[in-house]
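A.B. asks: My structure is in my_file_27.pdb, and what it holds is PDB, C-alpha atoms:
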MODEL        1
ATOM      1  CA  MET L   1      -6.569  17.012  14.306  1.00  0.00           C
ATOM      2  CA  THR L   2      -3.167  16.487  15.939  1.00  0.00           C
ATOM      3  CA  SER L   3      -1.733  13.819  13.635  1.00  0.00           C
ATOM      4  CA  VAL L   4      -2.298  12.208  10.231  1.00  0.00           C
ATOM      5  CA  ARG L   5      -0.991   9.032   8.617  1.00  0.00           C
ATOM      6  CA  ILE L   6       2.169   9.842   6.702  1.00  0.00           C
ATOM      7  CA  ASP L   7       0.974   8.230   3.464  1.00  0.00           C
ATOM      8  CA  LYS L   8      -2.213  10.339   3.525  1.00  0.00           C
ATOM      9  CA  TRP L   9      -0.244  13.504   4.241  1.00  0.00           C
ATOM     10  CA  LEU L  10       2.281  12.868   1.435  1.00  0.00           C
ATOM     11  CA  TRP L  11      -0.598  12.287  -0.966  1.00  0.00           C
ATOM     12  CA  ALA L  12      -2.441  15.427   0.209  1.00  0.00           C
ATOM     13  CA  ALA L  13       0.780  17.484  -0.089  1.00  0.00           C
ATOM     14  CA  ARG L  14       1.134  16.201  -3.684  1.00  0.00           C
ATOM     15  CA  PHE L  15       4.470  14.458  -3.322  1.00  0.00           C
ATOM     16  CA  PHE L  16       2.885  11.337  -4.824  1.00  0.00           C
ATOM     17  CA  LYS L  17       0.064  10.956  -7.323  1.00  0.00           C
ATOM     18  CA  THR L  18      -1.756   8.220  -5.396  1.00  0.00           C
ATOM     19  CA  ARG L  19      -1.878   7.175  -1.776  1.00  0.00           C
ATOM     20  CA  SER L  20      -0.725   3.679  -2.693  1.00  0.00           C
ATOM     21  CA  MET L  21       2.393   5.172  -4.328  1.00  0.00           C
ATOM     22  CA  ALA L  22       3.078   7.085  -1.122  1.00  0.00           C
ATOM     23  CA  ALA L  23       2.667   3.899   0.939  1.00  0.00           C
ATOM     24  CA  ARG L  24       4.984   2.011  -1.429  1.00  0.00           C
ATOM     25  CA  ALA L  25       7.643   4.735  -1.102  1.00  0.00           C
ATOM     26  CA  CYS L  26       7.414   4.410   2.679  1.00  0.00           C
ATOM     27  CA  ASP L  27       7.799   0.643   2.448  1.00  0.00           C
ATOM     28  CA  LEU L  28      10.875   1.026   0.214  1.00  0.00           C
ATOM     29  CA  GLY L  29      12.530   3.403   2.682  1.00  0.00           C
ATOM     30  CA  ARG L  30      12.273   6.507   0.500  1.00  0.00           C
ATOM     31  CA  VAL L  31      10.596   8.494   3.272  1.00  0.00           C
ATOM     32  CA  LEU L  32      12.406   9.359   6.500  1.00  0.00           C
ATOM     33  CA  SER L  33      10.632  10.984   9.429  1.00  0.00           C
ATOM     34  CA  ASN L  34      12.991  12.722  11.863  1.00  0.00           C
ATOM     35  CA  GLY L  35      15.845  10.565  10.538  1.00  0.00           C
ATOM     36  CA  GLN L  36      13.979   7.252  10.937  1.00  0.00           C
ATOM     37  CA  PRO L  37      12.470   5.163   8.107  1.00  0.00           C
ATOM     38  CA  ALA L  38       8.720   5.771   8.123  1.00  0.00           C
ATOM     39  CA  LYS L  39       6.074   3.110   7.677  1.00  0.00           C
ATOM     40  CA  PRO L  40       2.852   4.194   5.904  1.00  0.00           C
ATOM     41  CA  ALA L  41       0.785   4.172   9.118  1.00  0.00           C
ATOM     42  CA  ARG L  42       3.223   6.356  11.074  1.00  0.00           C
ATOM     43  CA  ASP L  43       1.683   9.575  12.340  1.00  0.00           C
ATOM     44  CA  VAL L  44       3.061  12.889  11.150  1.00  0.00           C
ATOM     45  CA  ARG L  45       2.702  15.984  13.341  1.00  0.00           C
ATOM     46  CA  VAL L  46       3.300  19.689  12.841  1.00  0.00           C
ATOM     47  CA  GLY L  47       7.023  20.399  13.177  1.00  0.00           C
ATOM     48  CA  ASP L  48       8.235  16.981  11.968  1.00  0.00           C
ATOM     49  CA  MET L  49      11.191  16.954   9.569  1.00  0.00           C
ATOM     50  CA  LEU L  50      10.702  14.634   6.577  1.00  0.00           C
ATOM     51  CA  LYS L  51      13.099  13.549   3.857  1.00  0.00           C
ATOM     52  CA  VAL L  52      11.214  12.423   0.763  1.00  0.00           C
ATOM     53  CA  THR L  53      12.763  10.887  -2.359  1.00  0.00           C
ATOM     54  CA  ASN L  54      10.561  10.772  -5.454  1.00  0.00           C
ATOM     55  CA  ASP L  55      10.778  11.422  -9.211  1.00  0.00           C
ATOM     56  CA  GLY L  56      11.059  15.155  -8.587  1.00  0.00           C
ATOM     57  CA  GLY L  57      14.213  14.739  -6.501  1.00  0.00           C
ATOM     58  CA  ASP L  58      15.158  14.665  -2.836  1.00  0.00           C
ATOM     59  CA  PHE L  59      13.091  16.953  -0.616  1.00  0.00           C
ATOM     60  CA  GLU L  60      13.948  17.873   2.963  1.00  0.00           C
ATOM     61  CA  ILE L  61      10.832  19.479   4.412  1.00  0.00           C
ATOM     62  CA  GLU L  62       9.211  20.597   7.641  1.00  0.00           C
ATOM     63  CA  VAL L  63       5.527  19.862   8.226  1.00  0.00           C
ATOM     64  CA  LEU L  64       3.656  23.156   8.746  1.00  0.00           C
ATOM     65  CA  GLN L  65       0.018  22.005   8.540  1.00  0.00           C
ATOM     66  CA  LEU L  66      -1.906  18.738   8.502  1.00  0.00           C
ATOM     67  CA  SER L  67      -4.434  17.584   5.942  1.00  0.00           C
ATOM     68  CA  GLU L  68      -6.062  14.316   4.919  1.00  0.00           C
ATOM     69  CA  ILE L  69      -7.733  15.847   1.873  1.00  0.00           C
ATOM     70  CA  ARG L  70      -5.991  16.377  -1.453  1.00  0.00           C
ATOM     71  CA  GLY L  71      -6.732  19.876  -2.630  1.00  0.00           C
ATOM     72  CA  PRO L  72      -5.353  22.298  -5.204  1.00  0.00           C
ATOM     73  CA  ALA L  73      -1.589  22.601  -5.630  1.00  0.00           C
ATOM     74  CA  ALA L  74      -1.591  26.094  -4.107  1.00  0.00           C
ATOM     75  CA  VAL L  75      -3.125  24.725  -0.899  1.00  0.00           C
ATOM     76  CA  ALA L  76      -0.813  21.690  -0.892  1.00  0.00           C
ATOM     77  CA  GLN L  77       2.266  23.936  -0.946  1.00  0.00           C
ATOM     78  CA  THR L  78       1.158  25.563   2.309  1.00  0.00           C
ATOM     79  CA  LEU L  79       1.324  22.208   4.121  1.00  0.00           C
ATOM     80  CA  TYR L  80       5.134  22.142   4.175  1.00  0.00           C
ATOM     81  CA  GLY L  81       8.235  24.298   4.027  1.00  0.00           C
ATOM     82  CA  GLU L  82      11.293  23.103   2.143  1.00  0.00           C
ATOM     83  CA  THR L  83      14.706  23.819   3.644  1.00  0.00           C
ATOM     84  CA  GLU L  84      16.971  26.178   1.713  1.00  0.00           C
ATOM     85  CA  ALA L  85      19.747  23.568   1.443  1.00  0.00           C
ATOM     86  CA  SER L  86      17.310  21.070  -0.099  1.00  0.00           C
ATOM     87  CA  ARG L  87      16.035  23.627  -2.613  1.00  0.00           C
ATOM     88  CA  GLN L  88      19.575  24.588  -3.695  1.00  0.00           C
ATOM     89  CA  LEU L  89      20.622  20.945  -4.062  1.00  0.00           C
ATOM     90  CA  ARG L  90      17.581  20.158  -6.252  1.00  0.00           C
ATOM     91  CA  MET L  91      18.279  23.207  -8.445  1.00  0.00           C
ATOM     92  CA  LYS L  92      21.920  22.143  -8.820  1.00  0.00           C
ATOM     93  CA  VAL L  93      20.959  18.596  -9.844  1.00  0.00           C
ATOM     94  CA  ALA L  94      18.418  19.947 -12.356  1.00  0.00           C
ATOM     95  CA  ALA L  95      21.040  22.269 -13.880  1.00  0.00           C
ATOM     96  CA  GLU L  96      23.499  19.366 -14.220  1.00  0.00           C
ATOM     97  CA  ARG L  97      20.819  17.261 -15.908  1.00  0.00           C
ATOM     98  CA  ARG L  98      20.068  20.054 -18.392  1.00  0.00           C
ATOM     99  CA  ALA L  99      23.791  20.493 -19.115  1.00  0.00           C
ATOM    100  CA  LEU L 100      24.179  16.782 -19.883  1.00  0.00           C
ATOM    101  CA  ASN L 101      21.322  16.921 -22.392  1.00  0.00           C
ATOM    102  CA  GLN L 102      23.135  19.597 -24.406  1.00  0.00           C
ATOM    103  CA  PHE L 103      26.084  17.290 -25.114  1.00  0.00           C
ATOM    104  CA  GLU L 104      24.098  14.177 -25.917  1.00  0.00           C
ATOM    105  CA  GLN L 105      24.376  13.112 -29.556  1.00  0.00           C
ATOM    106  CA  LEU L 106      21.093  11.841 -30.906  1.00  0.00           C
ATOM    107  CA  PRO L 107      21.039   9.597 -33.989  1.00  0.00           C
ATOM    108  CA  ALA L 108      20.168  11.272 -37.271  1.00  0.00           C
ATOM    109  CA  GLY L 109      17.354   8.860 -38.115  1.00  0.00           C
ATOM    110  CA  ARG L 110      15.985   5.424 -37.523  1.00  0.00           C
ATOM    111  CA  PRO L 111      18.488   2.622 -36.947  1.00  0.00           C
ATOM    112  CA  SER L 112      19.220   0.372 -39.879  1.00  0.00           C
ATOM    113  CA  LYS L 113      18.595  -3.344 -39.719  1.00  0.00           C
ATOM    114  CA  ARG L 114      22.277  -3.889 -38.879  1.00  0.00           C
ATOM    115  CA  ASP L 115      22.157  -1.210 -36.161  1.00  0.00           C
ATOM    116  CA  ARG L 116      19.045  -2.799 -34.692  1.00  0.00           C
ATOM    117  CA  ARG L 117      20.805  -6.177 -34.491  1.00  0.00           C
ATOM    118  CA  HIS L 118      23.675  -4.517 -32.620  1.00  0.00           C
ATOM    119  CA  ILE L 119      21.242  -2.838 -30.239  1.00  0.00           C
ATOM    120  CA  ILE L 120      19.423  -6.101 -29.547  1.00  0.00           C
ATOM    121  CA  GLN L 121      22.737  -7.891 -29.024  1.00  0.00           C
ATOM    122  CA  PHE L 122      23.966  -5.159 -26.679  1.00  0.00           C
ATOM    123  CA  ARG L 123      20.823  -5.386 -24.563  1.00  0.00           C
ATOM    124  CA  GLY L 124      21.356  -9.141 -24.224  1.00  0.00           C
ATOM    125  CA  ARG L 125      18.112 -10.239 -25.836  1.00  0.00           C
ATOM    126  CA  GLY L 126      19.563 -12.025 -28.831  1.00  0.00           C
TER     127      GLY L 126
ENDMDL
END
Is it possible to give me this structure as structure tokens?
C.D. replies:
Amino acid sequence: MTSVRIDKWLWAARFFKTRSMAARACDLGRVLSNGQPAKPARDVRVGDMLKVTNDGGDFEIEVLQLSEIRGPAAVAQTLYGETEASRQLRMKVAAERRALNQFEQLPAGRPSKRDRRHIIQFRGRG
């Protein structure tokens, strides 16, 4: 096997939960292959550089192996190698997100009827 569809490979490497989600990400331009937007049917080969944006963050990876089959997570991690710069950037973003959660003031209890009216008005529904 010399090449695999990029949506199949992203699904097998566990970047997306379903193959249709991987194809949708490609259609929305969230997957770049060697700096070019990748369509779902584009072939991926060993040595290609991919930039993938998903819920877990932005990944900049190199394809090390090919697979069309979704296996265990330990096997999926051997399919790619993440660049050091990408790993450090993701860790930095995660640390910033955790720091923001420490300063967030949560309400003491349920909103009152008056508070709920203000919330509904603020959201533009009322």
A.B. asks: On this structure, the PyMOL selection byres ((chain L and resi 15-26) around 9) would catch which residues? List them as a list in words, sorted by chain and number.
C.D. replies: Ile6, Asp7, Lys8, Trp9, Leu10, Trp11, Ala12, Ala13, Arg14, Asp27, Leu28, Gly29, Arg30, Val31, Leu32, Pro37, Ala38, Lys39, Pro40, Ala41, Val52, Thr53, Asn54 and Gly56 of chain L
A.B. asks: Which distance in Å separates CA of Val75 in chain L and CA of Val4 in chain L, to one decimal?
C.D. replies: 16.8 Å
A.B. asks: Need to verify the contact set: Ser3 in chain L, 6 Å, only C-alpha atoms, exclusion of same-chain residues closer than 5 positions in sequence. Can you return it as an MDAnalysis selection string?
C.D. replies: chainID L and resid 43:45
A.B. asks: For Glu82 in chain L, list every protein, DNA or RNA residue within 8 Å, evaluated using all atoms listed in the file, and leave out those in the same chain fewer than 2 positions away; present the list as a list of chain:residue names.
C.D. replies: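 In the requested format, the answer is L:Phe59, L:Glu60, L:Ile61, L:Glu62, L:Tyr80, L:Glu84, L:Ser86, L:Arg87.
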A.B. asks: Rounded to one decimal, what separation in Å do you get between CA of Leu50 in chain L and CA of Leu66 in chain L?
C.D. replies: 13.4 Å
A.B. asks: Tell me which of L:Val63, L:Ser112, L:Arg5, L:Arg98 sits closest to Asn34 in chain L, counting all atoms listed in the file.
C.D. replies: L:Val63
A.B. asks: Under the rule that only C-alpha atoms are counted, which of L:Asp58, L:Ile120, L:Gly47, L:Gln36 is the nearest residue to Gln88 in chain L?
C.D. replies: L:Asp58
A.B. asks: For a quick check of understanding, using all atoms listed in the file, which of L:Ala108, L:Val46, L:Gly57, L:Phe122 has the smallest distance to Arg90 in chain L?
C.D. replies: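 Distance minimum relative to Arg90 in chain L lands on L:Gly57.
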A.B. asks: Between CA of Gly35 in chain L and CA of Met49 in chain L, measure the distance and give it in Å to one decimal.
C.D. replies: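 The value is 8.0 Å.
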